[in-house]
file query.csv (CSV, C-alpha atoms)
chain,number,residue,atom,x,y,z
A,854,MET,CA,-0.2,-6.1,-49.3
A,855,ALA,CA,-3.9,-5.2,-49.8
A,856,CYS,CA,-4.9,-1.6,-49.7
A,857,ASN,CA,-7.3,-1.0,-46.9
A,858,GLY,CA,-7.3,2.8,-47.0
A,859,ASN,CA,-5.4,3.1,-43.8
A,860,SER,CA,-2.1,4.7,-44.9
A,861,GLN,CA,-1.0,5.2,-41.3
A,862,ASN,CA,-1.0,1.4,-40.7
A,863,ASN,CA,0.9,0.9,-43.9
A,864,LYS,CA,3.5,3.5,-42.9
A,865,GLN,CA,4.0,1.8,-39.6
A,866,ILE,CA,4.4,-1.6,-41.2
A,867,ASN,CA,7.0,-0.2,-43.7
A,868,LYS,CA,8.8,1.7,-40.8
A,869,MET,CA,8.9,-1.5,-38.7
A,870,SER,CA,10.4,-3.6,-41.5
A,871,THR,CA,13.0,-0.9,-42.2
A,872,GLU,CA,13.8,-0.6,-38.5
A,873,ASN,CA,14.3,-4.4,-38.2
A,874,LYS,CA,17.0,-4.5,-40.9
A,875,VAL,CA,20.5,-5.3,-39.8
A,876,VAL,CA,23.0,-3.2,-41.6
A,877,LYS,CA,26.8,-3.6,-40.9
A,878,SER,CA,29.9,-2.8,-42.8
A,879,GLU,CA,31.9,-5.7,-44.2
A,880,ASP,CA,34.5,-5.1,-41.4
A,881,GLU,CA,31.8,-5.4,-38.8
A,882,TRP,CA,30.5,-8.6,-40.4
A,883,LYS,CA,34.1,-10.0,-40.4
A,884,LYS,CA,34.3,-9.4,-36.6
A,885,VAL,CA,31.1,-11.3,-35.8
A,886,LEU,CA,31.1,-14.2,-38.4
A,887,SER,CA,33.6,-17.0,-38.7
A,888,PRO,CA,35.6,-17.0,-41.9
A,889,GLU,CA,33.4,-19.8,-43.4
A,890,GLN,CA,30.2,-17.9,-42.4
A,891,TYR,CA,31.5,-14.7,-43.9
A,892,ASN,CA,32.4,-16.5,-47.1
A,893,VAL,CA,28.9,-18.0,-47.4
A,894,LEU,CA,26.7,-15.3,-45.9
A,895,ARG,CA,28.4,-12.2,-47.3
A,896,GLU,CA,30.3,-13.5,-50.4
A,897,LYS,CA,27.7,-16.0,-51.6
A,898,GLY,CA,30.0,-19.0,-51.1
A,899,THR,CA,28.9,-22.5,-50.6
A,900,GLU,CA,30.0,-25.1,-48.1
A,901,ARG,CA,31.0,-28.5,-49.4
A,902,PRO,CA,28.2,-31.0,-49.7
A,903,PHE,CA,27.7,-33.6,-46.9
A,904,THR,CA,29.9,-31.6,-44.5
A,905,GLY,CA,27.5,-29.2,-42.8
A,906,LYS,CA,26.6,-29.6,-39.2
A,907,TYR,CA,22.8,-29.6,-39.9
A,908,TYR,CA,22.8,-31.9,-43.0
A,909,LEU,CA,21.7,-34.9,-40.9
A,910,GLU,CA,20.3,-33.0,-37.9
A,911,THR,CA,16.9,-34.3,-36.6
A,912,LYS,CA,16.4,-32.2,-33.4
A,913,LYS,CA,13.1,-30.3,-33.2
A,914,GLY,CA,13.2,-26.5,-33.2
A,915,ILE,CA,13.5,-23.5,-35.4
A,916,TYR,CA,16.4,-22.5,-37.7
A,917,VAL,CA,17.4,-18.9,-37.6
A,918,CYS,CA,19.8,-16.8,-39.7
A,919,ALA,CA,23.3,-17.3,-38.3
A,920,ALA,CA,24.1,-13.6,-38.9
A,921,CYS,CA,21.0,-11.8,-37.5
A,922,GLY,CA,18.8,-14.4,-35.8
A,923,ALA,CA,15.8,-14.0,-38.0
A,924,GLU,CA,13.5,-17.1,-37.8
A,925,LEU,CA,13.7,-18.9,-41.2
A,926,PHE,CA,12.7,-22.6,-41.1
A,927,ARG,CA,10.9,-25.0,-38.8
A,928,SER,CA,12.4,-28.4,-38.2
A,929,ASN,CA,9.1,-30.1,-39.2
A,930,THR,CA,9.7,-28.8,-42.8
A,931,LYS,CA,13.2,-30.3,-42.9
A,932,PHE,CA,13.7,-33.4,-45.1
A,933,ASP,CA,16.5,-35.5,-46.5
A,934,ALA,CA,16.8,-34.6,-50.2
A,935,GLY,CA,20.1,-36.5,-50.6
A,936,CYS,CA,21.8,-33.4,-52.0
A,937,GLY,CA,24.3,-32.9,-49.3
A,938,TRP,CA,22.8,-29.8,-47.7
A,939,PRO,CA,20.0,-29.3,-45.2
A,940,SER,CA,16.7,-29.1,-47.1
A,941,PHE,CA,13.4,-27.6,-46.1
A,942,SER,CA,10.1,-27.6,-47.9
A,943,ASP,CA,8.9,-24.2,-46.6
A,944,VAL,CA,10.0,-21.0,-44.9
A,945,VAL,CA,8.5,-19.7,-41.6
A,946,ASP,CA,7.2,-16.7,-43.5
A,947,SER,CA,7.9,-15.8,-47.1
A,948,SER,CA,8.7,-12.2,-46.1
A,949,LYS,CA,11.7,-13.5,-44.2
A,950,VAL,CA,13.6,-14.3,-47.4
A,951,VAL,CA,14.3,-12.5,-50.7
A,952,TYR,CA,14.3,-14.5,-53.9
A,953,THR,CA,16.7,-13.5,-56.7
A,954,LYS,CA,17.5,-15.0,-60.1
A,955,ASP,CA,21.1,-16.4,-60.0
A,956,ARG,CA,22.8,-17.1,-63.3
A,957,SER,CA,26.2,-18.0,-61.8
A,958,LEU,CA,28.0,-21.3,-62.6
A,959,GLY,CA,26.3,-21.6,-66.0
A,960,MET,CA,22.9,-22.4,-64.4
A,961,ILE,CA,19.7,-20.5,-63.7
A,962,ARG,CA,18.7,-20.9,-60.1
A,963,THR,CA,16.8,-18.9,-57.5
A,964,GLU,CA,19.0,-17.6,-54.7
A,965,ILE,CA,17.5,-16.9,-51.3
A,966,THR,CA,18.9,-14.3,-48.9
A,967,CYS,CA,17.8,-13.3,-45.4
A,968,ALA,CA,15.4,-10.3,-45.8
A,969,ARG,CA,16.7,-8.9,-42.5
A,970,CYS,CA,20.4,-8.8,-43.1
A,971,GLY,CA,20.9,-9.8,-46.7
A,972,GLY,CA,22.9,-12.9,-45.9
A,973,HIS,CA,23.1,-15.6,-48.6
A,974,LEU,CA,21.4,-18.7,-47.4
A,975,GLY,CA,21.3,-21.0,-50.4
A,976,HIS,CA,18.9,-21.7,-53.3
A,977,VAL,CA,15.3,-22.9,-53.7
A,978,PHE,CA,14.3,-25.5,-56.3
A,979,ASP,CA,10.9,-26.8,-57.5
A,980,ASP,CA,11.7,-30.5,-56.9
A,981,GLY,CA,10.6,-30.7,-53.2
A,982,PRO,CA,7.9,-32.7,-51.5
A,983,LYS,CA,4.2,-31.8,-51.3
A,984,PRO,CA,2.4,-29.7,-50.4
A,985,THR,CA,4.8,-26.9,-51.5
A,986,GLY,CA,6.8,-28.8,-54.1
A,987,LEU,CA,9.8,-26.7,-53.0
A,988,ARG,CA,13.3,-27.6,-51.8
A,989,TYR,CA,15.1,-24.9,-49.9
A,990,CYS,CA,18.8,-26.1,-50.2
A,991,ILE,CA,20.6,-24.2,-47.3
A,992,ASN,CA,24.2,-23.9,-46.2
A,993,SER,CA,24.5,-25.1,-42.6
A,994,VAL,CA,26.8,-22.2,-41.7
A,995,SER,CA,24.1,-19.8,-42.7
A,996,ILE,CA,21.7,-21.0,-40.1
A,997,GLU,CA,21.6,-22.0,-36.4
A,998,LEU,CA,19.1,-24.4,-34.7
A,999,LYS,CA,17.3,-23.0,-31.7
A,1000,PRO,CA,16.1,-26.3,-30.1
A,1001,GLU,CA,12.4,-26.7,-29.1
A,1002,THR,CA,11.8,-26.6,-25.4
A,1003,ASN,CA,9.4,-28.9,-23.7
A,1004,THR,CA,6.8,-26.1,-23.5
A,1005,GLU,CA,7.0,-25.3,-27.3
A,1006,LYS,CA,4.9,-27.3,-29.8
A,1007,LYS,CA,5.6,-26.3,-33.4
call {"tool": "encode", "arguments": {"input": "query.csv", "output": "structure tokens"}}
result
Amino acid sequence: MACNGNSQNNKQINKMSTENKVVKSEDEWKKVLSPEQYNVLREKGTERPFTGKYYLETKKGIYVCAACGAELFRSNTKFDAGCGWPSFSDVVDSSKVVYTKDRSLGMIRTEITCARCGGHLGHVFDDGPKPTGLRYCINSVSIELKPETNTEKK
């Protein structure tokens, strides 16, 4: 964030982002998420490839975090990467996700989590289409599609 000398605005922005965080105990998450969602979103699990409900989805809309509803991906950035998971070339806003180096499974990858609730979404790779060159490989159980209505044009 650029420094504009207006510390009051910066404090408000920081306060708003803190207020928007979703914090729950693990017991609370278990009550609102299905067992598979809990495994992926809270325990960093992965759904089996080619089984997720959004892998082949083509409806227009916006994909939100299944745990907290944060807007994450637009359908016009979704593409078939052939990897077995829904893939997107960009996020709605880079502040909506957190990027973390993941050294599990003997690989070095970049994990992405929801910035609002900390839920594990999947990983991002640098083998996607132009213009971003990125492939956000996402677990279907981590997201929900909010279909575009006739009045929305995104």
call {"tool": "residues_around", "arguments": {"input": "query.csv", "residues": "segment 908-911 of chain A", "least_positions_apart": "4", "cutoff": "9 Å", "atoms": "all atoms listed in the file", "output": "list of chain:residue names"}}
result
A:Pro902, A:Phe903, A:Thr904, A:Ser928, A:Lys931, A:Asp933, A:Gly937, A:Trp938, A:Pro939, A:Ser940, A:Asn992, A:Ser993
call {"tool": "atom_distance", "arguments": {"input": "query.csv", "atom1": "atom CA of Gly914 of chain A", "atom2": "atom CA of Ile991 of chain A"}}
result
16.1 Å
call {"tool": "residues_around", "arguments": {"input": "query.csv", "residues": "Ile965 of chain A", "least_positions_apart": "4", "cutoff": "7 Å", "atoms": "all atoms listed in the file", "output": "NGL selection string"}}
result
:A and (950-953 or 973-977)
call {"tool": "write_last_selection", "arguments": {"input": "query.csv", "atoms": "C-alpha atoms", "output": "PDB file, in the coordinates of the input"}}
result
ATOM      1  CA  VAL A 950      13.600 -14.300 -47.400  1.00  0.00           C
ATOM      2  CA  VAL A 951      14.300 -12.500 -50.700  1.00  0.00           C
ATOM      3  CA  TYR A 952      14.300 -14.500 -53.900  1.00  0.00           C
ATOM      4  CA  THR A 953      16.700 -13.500 -56.700  1.00  0.00           C
ATOM      5  CA  HIS A 973      23.100 -15.600 -48.600  1.00  0.00           C
ATOM      6  CA  LEU A 974      21.400 -18.700 -47.400  1.00  0.00           C
ATOM      7  CA  GLY A 975      21.300 -21.000 -50.400  1.00  0.00           C
ATOM      8  CA  HIS A 976      18.900 -21.700 -53.300  1.00  0.00           C
ATOM      9  CA  VAL A 977      15.300 -22.900 -53.700  1.00  0.00           C
TER      10      VAL A 977
END
call {"tool": "closest_residue", "arguments": {"input": "query.csv", "among": "A:Cys967, A:Ala934, A:Leu894, A:Ile961", "to": "Gly981 of chain A", "atoms": "all atoms listed in the file"}}
result
A:Ala934
call {"tool": "closest_residue", "arguments": {"input": "query.csv", "among": "A:Cys921, A:Leu886, A:Phe926, A:Val876", "to": "Leu998 of chain A", "atoms": "all atoms listed in the file"}}
result
A:Phe926
call {"tool": "closest_residue", "arguments": {"input": "query.csv", "among": "A:Lys949, A:Arg901, A:Arg988, A:Lys877", "to": "Ala923 of chain A", "atoms": "all atoms listed in the file"}}
result
A:Lys949
call {"tool": "atom_distance", "arguments": {"input": "query.csv", "atom1": "atom CA of Lys913 of chain A", "atom2": "atom CA of Glu1001 of chain A"}}
result
5.5 Å
call {"tool": "closest_residue", "arguments": {"input": "query.csv", "among": "A:Thr899, A:Thr930, A:Thr1002, A:Thr985", "to": "Glu964 of chain A", "atoms": "only C-alpha atoms"}}
result
A:Thr899
call {"tool": "residues_near_point", "arguments": {"input": "query.csv", "point": "(16.2, -21.9, -35.5)", "cutoff": "7 Å", "atoms": "all atoms listed in the file", "output": "number ranges by chain"}}
result
A: 914-917, 924-927, 997-1000
call {"tool": "closest_residue", "arguments": {"input": "query.csv", "among": "A:Ala920, A:Asp943, A:Pro984, A:Lys874", "to": "Val893 of chain A", "atoms": "all atoms listed in the file"}}
result
A:Ala920
call {"tool": "closest_residue", "arguments": {"input": "query.csv", "among": "A:Glu896, A:Asp979, A:Val885, A:Ser995", "to": "Arg962 of chain A", "atoms": "all atoms listed in the file"}}
result
A:Asp979
call {"tool": "residues_near_point", "arguments": {"input": "query.csv", "point": "(28.1, -21.0, -39.3)", "cutoff": "7 Å", "atoms": "all atoms listed in the file", "output": "number ranges by chain"}}
result
A: 887, 889-890, 919, 993-996
call {"tool": "atom_distance", "arguments": {"input": "query.csv", "atom1": "atom CA of Arg956 of chain A", "atom2": "atom CA of Gly898 of chain A"}}
result
14.3 Å
call {"tool": "build_atoms", "arguments": {"input": "query.csv", "residues": "segment 877-896 of chain A", "atoms": "N, CA and C atoms", "output": "PDB file, in the frame of the given file"}}
result
ATOM      1  N   LYS A 877      25.411  -3.671 -41.461  1.00  0.00           N
ATOM      2  CA  LYS A 877      26.800  -3.600 -40.900  1.00  0.00           C
ATOM      3  C   LYS A 877      27.738  -3.427 -42.059  1.00  0.00           C
ATOM      4  N   SER A 878      28.870  -2.846 -41.760  1.00  0.00           N
ATOM      5  CA  SER A 878      29.900  -2.800 -42.800  1.00  0.00           C
ATOM      6  C   SER A 878      30.549  -4.153 -42.910  1.00  0.00           C
ATOM      7  N   GLU A 879      31.280  -4.371 -43.983  1.00  0.00           N
ATOM      8  CA  GLU A 879      31.900  -5.700 -44.200  1.00  0.00           C
ATOM      9  C   GLU A 879      32.937  -5.941 -43.052  1.00  0.00           C
ATOM     10  N   ASP A 880      33.610  -4.917 -42.556  1.00  0.00           N
ATOM     11  CA  ASP A 880      34.500  -5.100 -41.400  1.00  0.00           C
ATOM     12  C   ASP A 880      33.777  -5.547 -40.172  1.00  0.00           C
ATOM     13  N   GLU A 881      32.595  -4.984 -39.951  1.00  0.00           N
ATOM     14  CA  GLU A 881      31.800  -5.400 -38.800  1.00  0.00           C
ATOM     15  C   GLU A 881      31.338  -6.847 -38.944  1.00  0.00           C
ATOM     16  N   TRP A 882      30.919  -7.249 -40.154  1.00  0.00           N
ATOM     17  CA  TRP A 882      30.500  -8.600 -40.400  1.00  0.00           C
ATOM     18  C   TRP A 882      31.705  -9.564 -40.127  1.00  0.00           C
ATOM     19  N   LYS A 883      32.911  -9.178 -40.563  1.00  0.00           N
ATOM     20  CA  LYS A 883      34.100 -10.000 -40.400  1.00  0.00           C
ATOM     21  C   LYS A 883      34.387 -10.253 -38.895  1.00  0.00           C
ATOM     22  N   LYS A 884      34.012  -9.301 -38.052  1.00  0.00           N
ATOM     23  CA  LYS A 884      34.300  -9.400 -36.600  1.00  0.00           C
ATOM     24  C   LYS A 884      33.282 -10.369 -35.930  1.00  0.00           C
ATOM     25  N   VAL A 885      32.071 -10.524 -36.476  1.00  0.00           N
ATOM     26  CA  VAL A 885      31.100 -11.300 -35.800  1.00  0.00           C
ATOM     27  C   VAL A 885      30.814 -12.691 -36.464  1.00  0.00           C
ATOM     28  N   LEU A 886      31.313 -12.897 -37.663  1.00  0.00           N
ATOM     29  CA  LEU A 886      31.100 -14.200 -38.400  1.00  0.00           C
ATOM     30  C   LEU A 886      32.456 -14.910 -38.476  1.00  0.00           C
ATOM     31  N   SER A 887      32.388 -16.230 -38.459  1.00  0.00           N
ATOM     32  CA  SER A 887      33.600 -17.000 -38.700  1.00  0.00           C
ATOM     33  C   SER A 887      33.993 -16.821 -40.161  1.00  0.00           C
ATOM     34  N   PRO A 888      35.240 -17.147 -40.531  1.00  0.00           N
ATOM     35  CA  PRO A 888      35.600 -17.000 -41.900  1.00  0.00           C
ATOM     36  C   PRO A 888      34.715 -17.773 -42.898  1.00  0.00           C
ATOM     37  N   GLU A 889      34.301 -18.991 -42.522  1.00  0.00           N
ATOM     38  CA  GLU A 889      33.400 -19.800 -43.400  1.00  0.00           C
ATOM     39  C   GLU A 889      32.029 -19.120 -43.475  1.00  0.00           C
ATOM     40  N   GLN A 890      31.510 -18.647 -42.339  1.00  0.00           N
ATOM     41  CA  GLN A 890      30.200 -17.900 -42.400  1.00  0.00           C
ATOM     42  C   GLN A 890      30.300 -16.698 -43.218  1.00  0.00           C
ATOM     43  N   TYR A 891      31.375 -15.952 -43.083  1.00  0.00           N
ATOM     44  CA  TYR A 891      31.500 -14.700 -43.900  1.00  0.00           C
ATOM     45  C   TYR A 891      31.546 -15.064 -45.368  1.00  0.00           C
ATOM     46  N   ASN A 892      32.296 -16.103 -45.734  1.00  0.00           N
ATOM     47  CA  ASN A 892      32.400 -16.500 -47.100  1.00  0.00           C
ATOM     48  C   ASN A 892      30.997 -16.837 -47.706  1.00  0.00           C
ATOM     49  N   VAL A 893      30.203 -17.587 -46.953  1.00  0.00           N
ATOM     50  CA  VAL A 893      28.900 -18.000 -47.400  1.00  0.00           C
ATOM     51  C   VAL A 893      27.874 -16.868 -47.340  1.00  0.00           C
ATOM     52  N   LEU A 894      27.730 -16.298 -46.160  1.00  0.00           N
ATOM     53  CA  LEU A 894      26.700 -15.300 -45.900  1.00  0.00           C
ATOM     54  C   LEU A 894      26.930 -13.973 -46.656  1.00  0.00           C
ATOM     55  N   ARG A 895      28.169 -13.530 -46.730  1.00  0.00           N
ATOM     56  CA  ARG A 895      28.400 -12.200 -47.300  1.00  0.00           C
ATOM     57  C   ARG A 895      29.003 -12.257 -48.711  1.00  0.00           C
ATOM     58  N   GLU A 896      29.703 -13.361 -49.056  1.00  0.00           N
ATOM     59  CA  GLU A 896      30.300 -13.500 -50.400  1.00  0.00           C
ATOM     60  C   GLU A 896      29.636 -14.485 -51.280  1.00  0.00           C
TER      61      GLU A 896
END
